[in-house]
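To start, the structure itself, in structure tokens.
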Amino acid sequence: MIDELWERRAGLSPADEKATLVVTEALDRLDRGVDRVAGIDPVTDAVVVDERSRRAILLAFRLYALTETHAGPFHFRDRLPLKQRFDGVRLVPGAIARFGAYLAPGSVLMPSFVNVGAYVGAGTMVDTWATVGSCAQIGARVHLSGGVGIGGVLEPEGAVPVVVEDDAFVGSRSIVVEGARVRTGANLGAGTLLTGTTRVVDATTGEDLPRGEAPPWSVCVTAYRQQQFPGGVFGTPCLLVLRRLAPGETPDNLRISELFREHGYAL
Ligand SMILES: CC(C)(COP(=O)(O)OP(=O)(O)OC[C@H]1O[C@@H](n2cnc3c(N)ncnc32)[C@H](O)[C@@H]1OP(=O)(O)O)[C@@H](O)C(=O)NCCC(=O)NCCS
């Protein structure tokens with residue numbers, strides 16, 4: 001039904017109640033974590049996108065009318081309603097999640113924003129002013145530090161959402177966008193910039209690693225490569241893999257995030 005609606009999307013409007021019901025059901029499945037916009041194929045290890053779920057989200061923007069809501073003195077005007085399901089989730093005032101985002105039990109949202117189609121795994125902390133963009137997939141026991149910007153992707157078709165895998169740490173004010181992938185147990189230093197095409201270099205070996213990916217169980221920061229351009233030599237950012245960790249290892253100076261989770265200091 002989503003495919004059929006997609007074919008005639010140009011003619012859809014909020015007056016089309018039947019289509020709205022179909023799309024709402026699809027978003028509800030995302031909201032409950034039954035469907036996911038993207039996941040990792042256990043055989044190929046590639047990120048696989050569920051285009052149908054993503055189409056459902058795009059259709060919602062055609063079908064849902066702008067609706068006014070308010071909380072106390074605050075008024076909002078949006079197409080998607082706010083998320084209503086927070087089973088087992090800690091939601092600090094000021095945190096906002098839209099309908100169609102999934103928050104696993106045990107996740108904590110400090111005042112932050114989680115957009116439609118995003119998935120936030122169990123035990124994950126979305127810290128103050130962090131934003132999780134549409135369809136971004138965040139694993140379990142991840143710490144997205146204050147001000148982190150995880151990019152969203154709804155279009156074009158085939159674009160891969162950002163994936164942050166289990167046990168990753170993303171340092172304050174980092175930016176992870178455009179289908180970049182933070183693999184299991186990777187730790188990004190404060191202010192790291194990772195796009196889908198960012199060069200990745202191993203500081204120990206000098207080796208070029210796959211672009212746009214923080215390797216598993218590693219500590220990475222943004223560094224600059226000197227590059228010759230017609231206009232001169234300029235430093236362009238790259239992801240420098242400072243060191244590798246043993247699987248399951250957390251760097252000493254990032255242990256505090258475990259304390260946050262175990263004892264709720266940040267809560
Ligand atoms: C990346 C990080 C974990 C590295 O810590 P570390 O292993 O102790 O390594 P060091 O601090 O000795 O740094 C190693 C080198 O990387 C550089 N570096 C460290 N952090 C960096 C960063 N965020 N960006 C760029 N370079 C960085 C250091 O200057 C140092 O270079 P030097 O050897 O020339 O002096 C740490 O610096 C960091 O950024 N932690 C995240 C903090 C944060 O965001 N907390 C969230 C709030 S709770």
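Lettering and numbering for the structure tokens are positional, with chains as A, B, ... in the shown order, residues counted from 1 in each chain, and ligands counted from 1 in the shown order.
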
Item checked: Within 7 Å of ligand 1 (only C-alpha atoms and all ligand atoms), residues as a list of chain:residue names ->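 The residues near ligand 1 are A:Ser145, A:Gly146, A:Val170, A:Gly171, A:Ser172, A:Asn187, A:Leu188, A:Gly189, A:Ala190, A:Gly191, A:Thr192, A:Val219, A:Cys220, A:Val221, A:Thr222, A:Ala223, A:Leu242, A:Pro251, A:Asn253, A:Leu254, A:Ile256, A:Ser257.
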
Item checked: Filtered DSSP result for stretch 60-245 of chain A, state strand (DSSP E or B), as a PyMOL selection string -> chain A and resi 67-71+74-78+82+90-91+96-98+102-103+108-109+113-114+119-120+125-126+131-132+137-138+143-144+149-150+163-164+169-170+175-176+181-182+186-188+193-194+199-202+208-209+213-214+218-229+232-244

Non-local contacts of stretch 29-42 of chain A (9 Å; only C-alpha atoms; under 2 positions in same chain excluded) as a tab-separated table (two decimals) with N, CA and C atoms, in the first residue's frame:
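Output saved as selection_6.tsv:
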```
chain	number	residue	atom	x	y	z
A	24	THR	N	0.10	6.26	8.83
A	24	THR	CA	0.21	6.30	10.29
A	24	THR	C	0.57	4.92	10.83
A	25	GLU	N	0.00	3.88	10.21
A	25	GLU	CA	0.33	2.53	10.67
A	25	GLU	C	1.82	2.24	10.45
A	26	ALA	N	2.33	2.68	9.31
A	26	ALA	CA	3.76	2.44	9.02
A	26	ALA	C	4.64	3.20	10.01
A	27	LEU	N	4.27	4.44	10.31
A	27	LEU	CA	5.06	5.21	11.27
A	27	LEU	C	4.94	4.64	12.68
A	44	THR	N	26.41	-9.62	5.12
A	44	THR	CA	27.33	-8.78	4.33
A	44	THR	C	27.96	-7.65	5.15
A	45	ASP	N	27.41	-7.35	6.35
A	45	ASP	CA	27.89	-6.27	7.21
A	45	ASP	C	27.61	-4.89	6.59
A	46	ALA	N	26.82	-4.89	5.52
A	46	ALA	CA	26.50	-3.60	4.89
A	46	ALA	C	25.26	-3.00	5.56
A	47	VAL	N	25.14	-1.69	5.46
A	47	VAL	CA	23.94	-1.03	5.98
A	47	VAL	C	22.83	-1.17	4.92
A	48	VAL	N	21.72	-1.73	5.34
A	48	VAL	CA	20.61	-1.96	4.40
A	48	VAL	C	19.47	-1.02	4.78
A	49	VAL	N	18.95	-0.33	3.77
A	49	VAL	CA	17.89	0.66	4.01
A	49	VAL	C	16.54	0.06	3.64
A	50	ASP	N	15.56	0.26	4.49
A	50	ASP	CA	14.19	-0.14	4.18
A	50	ASP	C	13.51	1.07	3.52
A	51	GLU	N	13.59	1.09	2.19
A	51	GLU	CA	13.08	2.25	1.46
A	51	GLU	C	11.59	2.48	1.72
A	52	ARG	N	10.87	1.39	1.98
A	52	ARG	CA	9.43	1.54	2.18
A	52	ARG	C	9.13	2.35	3.44
A	53	SER	N	9.90	2.09	4.50
A	53	SER	CA	9.70	2.87	5.73
A	53	SER	C	10.03	4.33	5.48
A	54	ARG	N	11.08	4.54	4.74
A	54	ARG	CA	11.46	5.93	4.48
A	54	ARG	C	10.40	6.63	3.63
A	83	LYS	N	6.11	12.17	19.85
A	83	LYS	CA	6.07	10.76	20.25
A	83	LYS	C	5.30	10.62	21.56
A	84	GLN	N	4.58	9.52	21.70
A	84	GLN	CA	3.79	9.32	22.92
A	84	GLN	C	4.27	8.14	23.76
A	85	ARG	N	5.09	7.26	23.14
A	85	ARG	CA	5.51	6.04	23.86
A	85	ARG	C	6.88	6.25	24.50
A	98	ARG	N	9.95	12.94	17.99
A	98	ARG	CA	8.76	12.98	17.14
A	98	ARG	C	8.21	11.58	16.93
A	99	PHE	N	6.92	11.53	16.69
A	99	PHE	CA	6.25	10.27	16.36
A	99	PHE	C	7.00	9.60	15.20
A	100	GLY	N	7.22	8.29	15.34
A	100	GLY	CA	7.95	7.57	14.30
A	100	GLY	C	9.41	7.39	14.63
A	101	ALA	N	9.82	7.90	15.80
A	101	ALA	CA	11.18	7.61	16.29
A	101	ALA	C	11.04	6.50	17.33
A	102	TYR	N	12.01	5.62	17.40
A	102	TYR	CA	11.96	4.56	18.42
A	102	TYR	C	13.00	4.84	19.50
A	103	LEU	N	12.59	4.75	20.73
A	103	LEU	CA	13.50	4.89	21.88
A	103	LEU	C	13.41	3.62	22.69
A	104	ALA	N	14.49	2.88	22.75
A	104	ALA	CA	14.46	1.59	23.46
A	104	ALA	C	14.40	1.83	24.97
A	116	VAL	N	12.03	11.90	13.32
A	116	VAL	CA	11.25	10.76	12.83
A	116	VAL	C	12.15	9.72	12.14
A	117	GLY	N	11.83	8.45	12.36
A	117	GLY	CA	12.57	7.38	11.71
A	117	GLY	C	13.87	7.01	12.40
A	118	ALA	N	14.25	7.80	13.41
A	118	ALA	CA	15.49	7.48	14.13
A	118	ALA	C	15.26	6.30	15.06
A	119	TYR	N	16.34	5.61	15.38
A	119	TYR	CA	16.29	4.46	16.29
A	119	TYR	C	17.36	4.69	17.34
A	135	CYS	N	15.94	9.13	10.63
A	135	CYS	CA	16.37	7.80	10.18
A	135	CYS	C	17.74	7.38	10.71
A	136	ALA	N	18.42	8.21	11.48
A	136	ALA	CA	19.72	7.80	12.04
A	136	ALA	C	19.52	6.60	12.96
A	137	GLN	N	20.46	5.69	12.94
A	137	GLN	CA	20.35	4.46	13.71
A	137	GLN	C	21.44	4.43	14.78
A	160	VAL	N	22.15	6.44	2.46
A	160	VAL	CA	22.28	5.60	3.65
A	160	VAL	C	22.27	6.48	4.90
A	161	PRO	N	21.45	6.15	5.88
A	161	PRO	CA	21.45	6.95	7.12
A	161	PRO	C	22.73	6.75	7.92
A	163	VAL	N	24.86	5.54	10.90
A	163	VAL	CA	24.73	4.42	11.82
A	163	VAL	C	25.82	4.55	12.89
```

Margin query: Taking only C-alpha atoms into account, name the residue in A:Thr128, A:Ser174, A:Ser112, A:Thr184 that is nearest to A:Ala140.
Written below: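 Among the listed residues, the smallest separation from A:Ala140 belongs to A:Thr184.
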
Next item on the list: Could you tell me which of A:Pro93, A:Pro156, A:Gly232, A:Pro237 comes closest to A:Leu194 if we count only C-alpha atoms?
Entry: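 Comparing A:Pro93, A:Pro156, A:Gly232, A:Pro237 against A:Leu194, the winner is A:Pro237.
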
Notebook entry, point to check: Counting only C-alpha atoms, which of A:Leu209, A:Asp87, A:Ile150, A:Val142 gets nearest to A:Val114?
Noted result: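 Closest to A:Val114 of all the choices is A:Ile150.
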
Next item on the list: Give me the residues within 9 Å of A:Arg183 as a list of chain:residue names, counting only C-alpha atoms and dropping any in the same chain fewer than 2 places off.
Entry: A:Val163, A:Val164, A:Glu165, A:Asp166, A:Asp167, A:Ala168, A:Arg181, A:Gly185, A:Ala186, A:Glu213, A:Ala214, A:Pro215, A:Pro216, A:Trp217, A:Ser218

Next, write the just-selected residues to a file, as an mmCIF file, in the first residue's frame, keeping N, CA and C atoms as the atom set.
```cif
data_model
loop_
_atom_site.group_PDB
_atom_site.id
_atom_site.type_symbol
_atom_site.label_atom_id
_atom_site.label_comp_id
_atom_site.auth_asym_id
_atom_site.auth_seq_id
_atom_site.Cartn_x
_atom_site.Cartn_y
_atom_site.Cartn_z
ATOM 1 N N VAL A 163 24.859 5.539 10.898
ATOM 2 C CA VAL A 163 24.732 4.419 11.824
ATOM 3 C C VAL A 163 25.818 4.554 12.892
ATOM 4 N N VAL A 164 25.405 4.580 14.146
ATOM 5 C CA VAL A 164 26.347 4.559 15.269
ATOM 6 C C VAL A 164 26.097 3.237 15.982
ATOM 7 N N GLU A 165 27.086 2.375 15.974
ATOM 8 C CA GLU A 165 26.869 1.020 16.489
ATOM 9 C C GLU A 165 27.039 0.954 18.010
ATOM 10 N N ASP A 166 26.723 -0.209 18.557
ATOM 11 C CA ASP A 166 26.716 -0.424 20.012
ATOM 12 C C ASP A 166 28.030 0.040 20.653
ATOM 13 N N ASP A 167 27.931 0.514 21.885
ATOM 14 C CA ASP A 167 29.080 0.824 22.741
ATOM 15 C C ASP A 167 29.983 1.923 22.196
ATOM 16 N N ALA A 168 29.464 2.710 21.263
ATOM 17 C CA ALA A 168 30.275 3.813 20.740
ATOM 18 C C ALA A 168 30.159 5.024 21.659
ATOM 19 N N ARG A 181 29.561 6.052 9.321
ATOM 20 C CA ARG A 181 29.315 4.903 10.201
ATOM 21 C C ARG A 181 30.337 4.883 11.335
ATOM 22 N N GLY A 185 32.006 0.204 19.488
ATOM 23 C CA GLY A 185 33.071 0.522 20.441
ATOM 24 C C GLY A 185 34.016 1.615 19.987
ATOM 25 N N ALA A 186 33.695 2.315 18.899
ATOM 26 C CA ALA A 186 34.561 3.423 18.469
ATOM 27 C C ALA A 186 34.323 4.616 19.381
ATOM 28 N N GLU A 213 34.189 5.943 7.951
ATOM 29 C CA GLU A 213 33.913 4.950 8.998
ATOM 30 C C GLU A 213 34.908 5.066 10.134
ATOM 31 N N ALA A 214 34.409 5.157 11.355
ATOM 32 C CA ALA A 214 35.293 5.039 12.509
ATOM 33 C C ALA A 214 35.439 3.556 12.805
ATOM 34 N N PRO A 215 36.659 3.032 12.814
ATOM 35 C CA PRO A 215 36.832 1.583 12.992
ATOM 36 C C PRO A 215 36.375 1.114 14.375
ATOM 37 N N PRO A 216 36.013 -0.162 14.489
ATOM 38 C CA PRO A 216 35.559 -0.661 15.785
ATOM 39 C C PRO A 216 36.659 -0.553 16.831
ATOM 40 N N TRP A 217 36.246 -0.385 18.105
ATOM 41 C CA TRP A 217 37.150 -0.373 19.258
ATOM 42 C C TRP A 217 38.402 0.456 18.962
ATOM 43 N N SER A 218 38.167 1.748 18.820
ATOM 44 C CA SER A 218 39.259 2.658 18.481
ATOM 45 C C SER A 218 39.022 4.000 19.169
#
```

Note to self: I need the residue nearest A:Asp208 from this list: A:Ala122, A:Phe169, A:Leu239, A:Pro111. Use only C-alpha atoms for the distance.
What the structure shows: A:Leu239

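Closest approach to A:Gly248 among A:Arg225, A:Arg141, A:Arg173, A:Arg79 is made by A:Arg141 (distances from only C-alpha atoms).
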
Check: Taking the backbone alone, and naming residues the way the document does, which bits of stretch 12-171 of chain A are alpha helix (DSSP H) by DSSP, as number ranges by chain?
Finding: A: 17-31, 51-63

Margin query: Restricting the calculation to only C-alpha atoms: of A:Thr67, A:Thr236, A:Thr20, A:Ser13, which residue gets closest to A:Leu193?
Written below: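 Closest residue, counting only C-alpha atoms: A:Thr236.
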
Next item on the list: Go ahead and compute the interatomic distance for atom CA of A:Trp129 and atom CA of A:Thr250, in Å to one decimal.
Entry: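 So the two atoms, atom CA of A:Trp129 and atom CA of A:Thr250, lie 23.8 Å apart.
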
Next item on the list: Write out as a PyMOL selection string which residues come within 12 Å of A:Asp78 when counting only C-alpha atoms, dropping same-chain ones fewer than 5 positions away.
Entry: chain A and resi 60-61+64-70+98-99

Next item on the list: To one decimal in Å, tell me the separation between atom CA of A:Leu63 and atom CA of A:Gly151.
Entry: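 Rounded to one decimal, the two atoms are 24.2 Å apart.
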
Next item on the list: Find the distance between atom CA of A:Val120 and atom CA of A:Val162 and write it in Å to one decimal.
Entry: 12.0 Å
